[in-house]
Structure formats: structure tokens, C-alpha cells
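Working notes, beginning with the structure itself.
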Amino acid sequence: MFNFFSEPVQVEAINAFDEIQFCGLWYEIASVKGFFQTELKNVSIDIQWDQDTGIFQVENAGFNPSGERVVSNATLTPGSENPGKMTYVSPFLGGLLNQTQERHLVVLDELNYLYKVVSSPTGDECWIYSREPQMDDYLYEGLMDQLKELKVNIEKITKTEQDQIADIDIIY
């Protein structure tokens, strides 16, 4: 039975990570697709860290069905008490407004930084990323099992088509 007064699920965030290793190019392996993402493929994010401000600059990119590259930029600010709890701010309505959302880093390959999972605090939204455009099925299924244990809603997660390596100019 549904209880209107129950506390929402709160997905725990990783407490610490290496900012330098967190940066760079990540490919979206799977996610809960928003209405603007449903037809995008070859989705990636490039993250750069500004050591002076402690804020990450994020470029989200993908290709629409016409083959046009779609890009959106955002910032990601680590939490002061828990860096894995981040504030994600992206321009909305042509830059007239900023959309601010909390994001939790919930899974991370802490040894090699080859994969990570980011979730909304309630686990209703989720993004699985890898340093490579493809992920081994065994690793993917293991991550899905781990996400279930973390109370992330995996029922709406769909794989992101990565059929070509996007031609992205990255400036370091």
C-alpha cells in the first residue's frame, strides 16, 4: 500500500573522489532519458575542473537523428560537506533561466576511474558513464545489481546508442 507520508528514498553519495581523475571525456552507456534526450545517440560529457573556484565545467554532447551535434553546457559544484553530493546547474530556455538540480555520485571505479554512475538524490534519474563508448555486459549487469542495492530505480534505464566515436574537439 502506498503511504503519502513516507520519506522518499535517499540515495547515498560517495564521500570523496579525486577531482583530477574525475575530469575528462565520459561516454553515456545508459540513462533514464529525459524528453529532450530520447533520440540522441553517441552521447558524451566532457568535464573540466577549475581549481580556483572548485567548480567543474561540463559539456554535454550528442547527435540528433539528423546527425547534428547537440551541445549543452553546465556547471557541477561539489558539496562542501560531501563532494559526491553535487549541484548541477544548466541554462534553460535559451539561457533565460538556470535549471538547478542535485546530483549524487553513487558508484565510481575508484582505482582507475573507468566508470561511474550519477543519480538524482531519490534514485529516479540515473546516468551510467564509461571512459570507453562501450561497456562489457558483465560489468553493466554488475552495476545494475549494485544500483538496485543502492535503491536506484533501474526500471527506466535504457542503453544509449554509441555506434560511432563522436568527433569532439577537447581542449585541455
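Residues in the C-alpha cells are numbered from 1 in each chain, the chains being A, B, ... in the order shown, and ligands are numbered from 1 in the order shown.
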
Using only C-alpha atoms, which protein or nucleic acid residues come within 7 Å of region 55-64 of chain A? Drop anything in the same chain fewer than 3 positions from it, and give the result as an MDAnalysis selection string. chainID A and resid 39:50 67:77

Can you write out the residues you just picked, keeping N, CA and C atoms, as a tab-separated table (two decimals), in the first residue's frame?
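Everything below was put into out.tsv:
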chain	number	residue	atom	x	y	z
A	39	GLU	N	16.06	10.75	-28.51
A	39	GLU	CA	16.56	10.40	-29.84
A	39	GLU	C	18.05	10.67	-30.00
A	40	LEU	N	18.73	11.11	-28.96
A	40	LEU	CA	20.16	11.39	-29.07
A	40	LEU	C	20.96	10.09	-29.01
A	41	LYS	N	22.04	10.05	-29.76
A	41	LYS	CA	22.96	8.92	-29.68
A	41	LYS	C	24.38	9.46	-29.63
A	42	ASN	N	25.31	8.58	-29.33
A	42	ASN	CA	26.72	8.96	-29.18
A	42	ASN	C	26.85	10.12	-28.19
A	43	VAL	N	26.18	9.96	-27.06
A	43	VAL	CA	26.17	10.98	-26.01
A	43	VAL	C	27.44	10.87	-25.17
A	44	SER	N	28.01	12.02	-24.88
A	44	SER	CA	29.20	12.06	-24.04
A	44	SER	C	29.17	13.32	-23.19
A	45	ILE	N	30.00	13.31	-22.16
A	45	ILE	CA	30.19	14.52	-21.37
A	45	ILE	C	31.70	14.73	-21.23
A	46	ASP	N	32.09	15.98	-21.26
A	46	ASP	CA	33.48	16.33	-21.03
A	46	ASP	C	33.50	17.22	-19.79
A	47	ILE	N	34.27	16.82	-18.80
A	47	ILE	CA	34.30	17.54	-17.53
A	47	ILE	C	35.69	18.13	-17.31
A	48	GLN	N	35.72	19.40	-16.99
A	48	GLN	CA	36.97	20.10	-16.67
A	48	GLN	C	36.81	20.77	-15.31
A	49	TRP	N	37.87	20.77	-14.53
A	49	TRP	CA	37.81	21.31	-13.17
A	49	TRP	C	38.57	22.61	-13.09
A	50	ASP	N	37.94	23.62	-12.53
A	50	ASP	CA	38.58	24.90	-12.27
A	50	ASP	C	39.07	24.86	-10.82
A	67	GLY	N	21.89	13.93	-37.52
A	67	GLY	CA	23.35	13.90	-37.49
A	67	GLY	C	23.99	15.17	-36.98
A	68	GLU	N	23.16	16.10	-36.49
A	68	GLU	CA	23.68	17.36	-35.95
A	68	GLU	C	24.12	17.15	-34.51
A	69	ARG	N	25.25	17.75	-34.17
A	69	ARG	CA	25.76	17.67	-32.80
A	69	ARG	C	25.00	18.66	-31.92
A	70	VAL	N	24.44	18.16	-30.85
A	70	VAL	CA	23.69	18.97	-29.90
A	70	VAL	C	24.56	19.09	-28.65
A	71	VAL	N	24.76	20.33	-28.20
A	71	VAL	CA	25.64	20.58	-27.06
A	71	VAL	C	24.91	21.43	-26.03
A	72	SER	N	25.10	21.09	-24.77
A	72	SER	CA	24.65	21.96	-23.69
A	72	SER	C	25.76	22.01	-22.65
A	73	ASN	N	25.91	23.15	-22.05
A	73	ASN	CA	26.96	23.35	-21.05
A	73	ASN	C	26.32	23.51	-19.68
A	74	ALA	N	27.07	23.12	-18.67
A	74	ALA	CA	26.57	23.20	-17.31
A	74	ALA	C	27.75	23.33	-16.36
A	75	THR	N	27.43	23.57	-15.10
A	75	THR	CA	28.46	23.54	-14.06
A	75	THR	C	28.04	22.50	-13.03
A	76	LEU	N	29.03	21.97	-12.35
A	76	LEU	CA	28.82	20.95	-11.33
A	76	LEU	C	29.64	21.37	-10.13
A	77	THR	N	28.98	21.64	-9.01
A	77	THR	CA	29.67	22.12	-7.81
A	77	THR	C	29.61	21.05	-6.73

Step one, run DSSP on the backbone; step two, keep only residues of region 48-168 of chain A assigned to helix (DSSP H, G or I); then write them as an MDAnalysis selection string. chainID A and resid 137:149

Among chain A, which ones does DSSP place in strand (DSSP E or B), written as a PyMOL selection string? chain A and resi 24-32+41-50+55-63+69-78+85-92+97-108+115-119+126-130+157-159

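Proximity to Met86 (chain A) was assessed for A:Ala13, A:Met135, A:Cys23, A:Ala30 counting only C-alpha atoms; the smallest distance is recorded for A:Ala13.
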
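Considering the residues A:Phe22, A:Cys126, A:Ile29, A:Tyr138 and counting only C-alpha atoms, Leu111 (chain A) has its shortest atom-to-atom contact with A:Phe22.
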
Which of these residues is nearest to Lys85 (chain A), using only C-alpha atoms: A:Gln162, A:Thr53, A:Gln21, A:Ser119? A:Ser119

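The shortest atom-to-atom distance to Gly142 (chain A), with only C-alpha atoms taken into account, belongs to A:Val107 out of A:Thr158, A:Gln51, A:Val107, A:Glu102.
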
Using only C-alpha atoms, can you tell me which of A:Glu155, A:Glu81, A:Asp163, A:Asp145 comes closest to Lys33 (chain A)? A:Glu155

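Here CA of Gln10 (chain A) stands at a distance of 16.1 Å from CA of Pro83 (chain A).
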
In Å, with one decimal, what is the gap from CA of Ile128 (chain A) to CA of Ile20 (chain A)? 19.3 Å
